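With compact mmCIF, C-alpha atoms inside, this is coords_27.txt:
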```
# COMPACT_ATOMS: atom_id res chain seq x y z
CA MET A 153 19.55 23.66 -5.84
CA ALA A 154 22.12 21.03 -6.85
CA ASN A 155 21.06 17.47 -7.41
CA PRO A 156 22.23 15.49 -4.34
CA ASN A 157 22.60 12.36 -6.46
CA THR A 158 24.98 13.97 -8.94
CA LYS A 159 27.94 12.52 -7.03
CA ILE A 160 26.55 8.98 -6.83
CA ALA A 161 28.69 6.74 -9.02
CA PRO A 162 26.68 3.65 -10.01
CA ARG A 163 28.42 0.38 -10.81
CA ALA A 164 26.98 -2.13 -13.27
CA ARG A 165 26.53 -5.62 -11.91
CA ARG A 166 28.56 -8.15 -13.89
CA ASP A 167 28.35 -11.35 -11.80
CA ASP A 168 25.88 -14.09 -12.75
CA LEU A 169 24.88 -12.33 -15.96
CA VAL A 170 25.09 -13.46 -19.57
CA VAL A 171 25.41 -10.46 -21.90
CA GLN A 172 24.80 -10.53 -25.65
CA GLU A 173 25.34 -7.37 -27.66
CA LEU A 174 23.20 -6.93 -30.75
CA ALA A 175 23.11 -4.13 -33.33
CA ASP A 176 20.95 -1.64 -31.41
CA GLU A 177 20.39 -3.32 -28.05
CA VAL A 178 21.95 -5.48 -25.39
CA LEU A 179 20.34 -8.63 -24.01
CA VAL A 180 21.17 -9.48 -20.41
CA TYR A 181 20.17 -12.77 -18.80
CA ASP A 182 20.27 -12.83 -14.99
CA LEU A 183 21.27 -16.36 -14.00
CA LYS A 184 20.25 -15.84 -10.36
CA ARG A 185 16.77 -14.47 -10.97
CA HIS A 186 15.99 -16.23 -14.28
CA LYS A 187 15.05 -12.96 -15.94
CA ALA A 188 15.97 -11.71 -19.37
CA HIS A 189 16.38 -7.97 -19.91
CA CYS A 190 16.56 -6.08 -23.18
CA LEU A 191 18.35 -2.74 -22.95
CA ASN A 192 17.75 -0.38 -25.84
CA ARG A 193 20.72 1.55 -27.22
CA THR A 194 20.48 4.42 -24.73
CA ALA A 195 19.99 2.21 -21.65
CA ALA A 196 22.85 -0.03 -22.79
CA MET A 197 25.14 2.96 -23.24
CA VAL A 198 24.34 4.12 -19.70
CA TRP A 199 24.82 0.62 -18.21
CA GLU A 200 28.14 0.14 -20.00
CA ARG A 201 29.42 3.38 -18.46
CA CYS A 202 28.42 2.52 -14.88
CA ASP A 203 31.94 1.84 -13.67
CA GLY A 204 31.59 3.01 -10.05
CA ARG A 205 33.63 6.14 -10.81
CA ARG A 206 31.34 8.20 -13.05
CA SER A 207 28.34 10.09 -11.66
CA ALA A 208 25.05 10.39 -13.54
CA GLY A 209 26.15 13.86 -14.69
CA GLU A 210 29.45 12.54 -15.99
CA ILE A 211 27.70 9.67 -17.78
CA ALA A 212 25.35 12.22 -19.39
CA ARG A 213 28.32 14.26 -20.63
CA VAL A 214 30.07 11.16 -22.06
CA LEU A 215 26.85 10.07 -23.79
CA GLY A 216 26.39 13.56 -25.20
CA GLN A 217 29.87 13.39 -26.72
CA LYS A 218 29.22 9.90 -28.12
CA LEU A 219 25.81 10.85 -29.57
CA GLY A 220 26.84 14.29 -30.76
CA THR A 221 24.00 16.01 -28.88
CA PRO A 222 23.61 17.14 -25.27
CA VAL A 223 22.07 14.49 -23.00
CA ASP A 224 20.09 15.65 -19.98
CA GLU A 225 21.09 14.01 -16.69
CA LYS A 226 17.40 13.15 -16.19
CA PHE A 227 17.60 10.67 -19.09
CA VAL A 228 20.56 9.00 -17.41
CA GLY A 229 18.59 9.04 -14.15
CA LEU A 230 15.67 7.30 -15.86
CA ALA A 231 18.01 4.59 -17.16
CA LEU A 232 19.65 4.20 -13.73
CA ARG A 233 16.28 3.83 -12.08
CA GLN A 234 15.23 1.09 -14.52
CA LEU A 235 18.59 -0.68 -14.23
CA GLY A 236 18.44 -0.49 -10.44
CA GLU A 237 14.88 -1.82 -10.29
CA ARG A 238 15.99 -4.82 -12.34
CA ARG A 239 19.05 -5.35 -10.14
CA LEU A 240 21.51 -4.73 -12.93
CA LEU A 241 23.43 -2.28 -10.73
CA GLU A 242 25.44 -3.20 -7.65
CA GLY A 243 24.14 -2.11 -4.26
CA THR A 244 21.21 0.22 -3.86
CA ASN A 245 20.88 3.11 -6.25
CA PRO A 246 18.26 5.70 -5.37
CA ALA A 247 16.26 7.27 -8.16
CA PRO A 248 17.92 10.57 -9.02
CA ALA A 249 16.31 13.60 -7.43
CA GLY A 250 14.22 15.74 -9.71
CA LEU A 251 13.17 12.86 -11.93
CA ALA A 252 9.77 12.53 -10.27
CA SER A 253 9.00 16.19 -10.96
CA HIS A 254 9.06 15.54 -14.70
CA SER A 255 6.35 13.52 -16.35
CA ARG A 256 7.20 10.78 -18.82
CA ARG A 257 5.47 12.88 -21.46
CA ASP A 258 7.87 15.77 -20.79
CA LEU A 259 10.86 13.42 -20.96
CA PHE A 260 9.65 11.92 -24.25
CA ARG A 261 9.07 15.40 -25.68
CA LYS A 262 12.56 16.55 -24.67
CA ALA A 263 14.13 13.37 -26.00
CA ALA A 264 12.37 13.72 -29.35
CA ALA A 265 13.47 17.34 -29.65
CA ALA A 266 17.08 16.37 -28.91
CA GLY A 267 17.00 13.30 -31.16
CA VAL A 268 17.82 11.03 -28.20
CA LEU A 269 16.16 7.67 -27.67
CA ILE A 270 14.52 7.37 -24.23
CA PRO A 271 16.36 4.69 -22.22
CA LEU A 272 14.21 1.60 -21.96
CA VAL A 273 14.78 -1.70 -20.19
CA THR A 274 12.20 -4.42 -20.83
CA SER A 275 12.24 -7.69 -18.89
CA ILE A 276 10.66 -11.12 -18.96
CA MET A 277 10.71 -14.05 -16.57
CA VAL A 278 12.35 -17.15 -18.00
CA PRO A 279 11.24 -20.50 -16.57
CA GLU A 280 13.99 -22.69 -15.19
CA ALA A 281 14.92 -25.75 -17.23
CA SER A 282 13.12 -28.00 -14.76
CA ALA A 283 9.89 -26.06 -15.32
CA GLN A 284 10.31 -26.31 -19.07
CA ALA A 285 10.70 -30.11 -18.90
CA THR A 286 7.35 -30.79 -17.28
CA CYS A 287 5.45 -31.81 -20.40
CA ARG A 288 3.67 -35.14 -20.28
CA ASP A 289 4.85 -37.96 -22.49
CA LYS A 290 2.70 -40.40 -24.45
CA GLY A 291 0.15 -41.97 -22.08
CA GLY A 292 0.58 -39.23 -19.47
CA ALA A 293 -2.51 -37.75 -17.82
CA CYS A 294 -3.69 -34.45 -19.30
CA THR A 295 -6.64 -32.11 -19.62
CA THR A 296 -5.26 -29.80 -22.35
CA ASN A 297 -2.91 -30.11 -25.33
CA ALA A 298 -0.52 -27.64 -23.67
CA GLN A 299 0.29 -30.23 -21.00
CA CYS A 300 1.51 -32.77 -23.58
CA CYS A 301 5.05 -32.85 -24.97
CA PRO A 302 5.59 -31.45 -28.48
CA GLY A 303 4.13 -33.69 -31.16
CA LEU A 304 1.43 -35.08 -28.85
CA ILE A 305 -2.17 -34.06 -28.19
CA CYS A 306 -4.46 -34.61 -25.23
CA ASP A 307 -7.11 -37.23 -26.02
CA PRO A 308 -10.36 -35.73 -24.66
CA ALA A 309 -11.97 -39.15 -24.15
CA LEU A 310 -9.09 -40.80 -22.28
CA LEU A 311 -7.48 -37.64 -20.85
CA THR A 312 -4.03 -38.91 -21.85
CA CYS A 313 -1.38 -37.62 -24.22
CA ARG A 314 -1.20 -39.41 -27.55
CA VAL A 315 0.19 -39.10 -31.07
CA PRO A 316 -2.25 -37.12 -33.26
CA GLY A 317 -4.15 -39.31 -35.71
CA GLY A 318 -2.61 -42.42 -34.19
CA GLY A 319 -5.48 -43.36 -31.92
CA SER A 320 -4.96 -43.66 -28.19
CA GLY A 321 -2.13 -46.19 -28.36
```
Mind turning this structure into structure tokens?
Amino acid sequence: MANPNTKIAPRARRDDLVVQELADEVLVYDLKRHKAHCLNRTAAMVWERCDGRRSAGEIARVLGQKLGTPVDEKFVGLALRQLGERRLLEGTNPAPAGLASHSRRDLFRKAAAAGVLIPLVTSIMVPEASAQATCRDKGGACTTNAQCCPGLICDPALLTCRVPGGGSG
């Protein structure tokens, strides 16, 4: 039976993103959601080819040509699922059919045999600038050193931020 998602042509989201290409990965910062995403080489290659015209099967063929080894559409599907979950694709992109029937272990085994890196997207939340600027200045109330601005400590007796070694004043 043919994969019903073979004809779906995903499009990479480009608005409100800051993209930095590195040697073997791409860092993407989502300005709307304040999340940073690291796409490994394979995931980045898939994302870069999501132009709204190519299907997952076509992306797999292009990647296979680029890598010099056949790439299974399921690997592209795994990347598309991760990219979609992190809202790096436009619209809604269903997980490709057939992906759930294969365990991650099977995918890793197939990838290792083919010499292909499993697509991986890792993400972290990044606090907004206003959240980062909430440290307490000298004399500010505190209960832990983490609450004080850099270079200050929380005085346990006075429960205020102070310069280390400089007494409470």
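For the point (32.3, 4.3, -7.3), the residues with an atom at a distance of at most 12 Å are Lys159, Ile160, Ala161, Pro162, Arg163, Ala164, Arg201, Cys202, Asp203, Gly204, Arg205, Arg206, Ser207, Ala208, Leu241, Glu242, Gly243 and Asn245 of chain A, counting only C-alpha atoms.
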Quick one: residues within 12 Å of A:Pro316, only C-alpha atoms counted, chain neighbours fewer than 3 positions away excluded, as a list in words?
Lys290, Asn297, Cys300, Cys301, Pro302, Gly303, Leu304, Ile305, Cys306, Asp307, Pro308, Thr312, Cys313, Gly319, Ser320 and Gly321 of chain A
Which residue of A:Ala293, A:Val171, A:Leu219, A:Cys190 approaches A:Ser275 most closely, using only C-alpha atoms:
A:Cys190
Calculated over all atoms listed in the file, which of the candidates A:Glu173, A:Glu225, A:Asp289, A:Asp182 has the smallest distance to A:Glu200?
A:Glu173
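We find atom CA of A:Ala298 and atom CA of A:Arg314 to be spaced 12.4 Å apart.
The smallest atom-to-atom distance between A:Arg166 and any of A:Leu240, A:Cys287, A:Ala212, A:Val228, using only C-alpha atoms, is found for A:Leu240.
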Which residues, written as a list in words, have at least one atom at most 8 Å from A:Leu183, with all atoms listed in the file counted and residues fewer than 6 positions away on the same chain left out?
Asp168, Leu169 and Val170 of chain A
May I ask for the distance between atom CA of A:Glu237 and atom CA of A:Gly220, given in Å to one decimal place?
28.7 Å
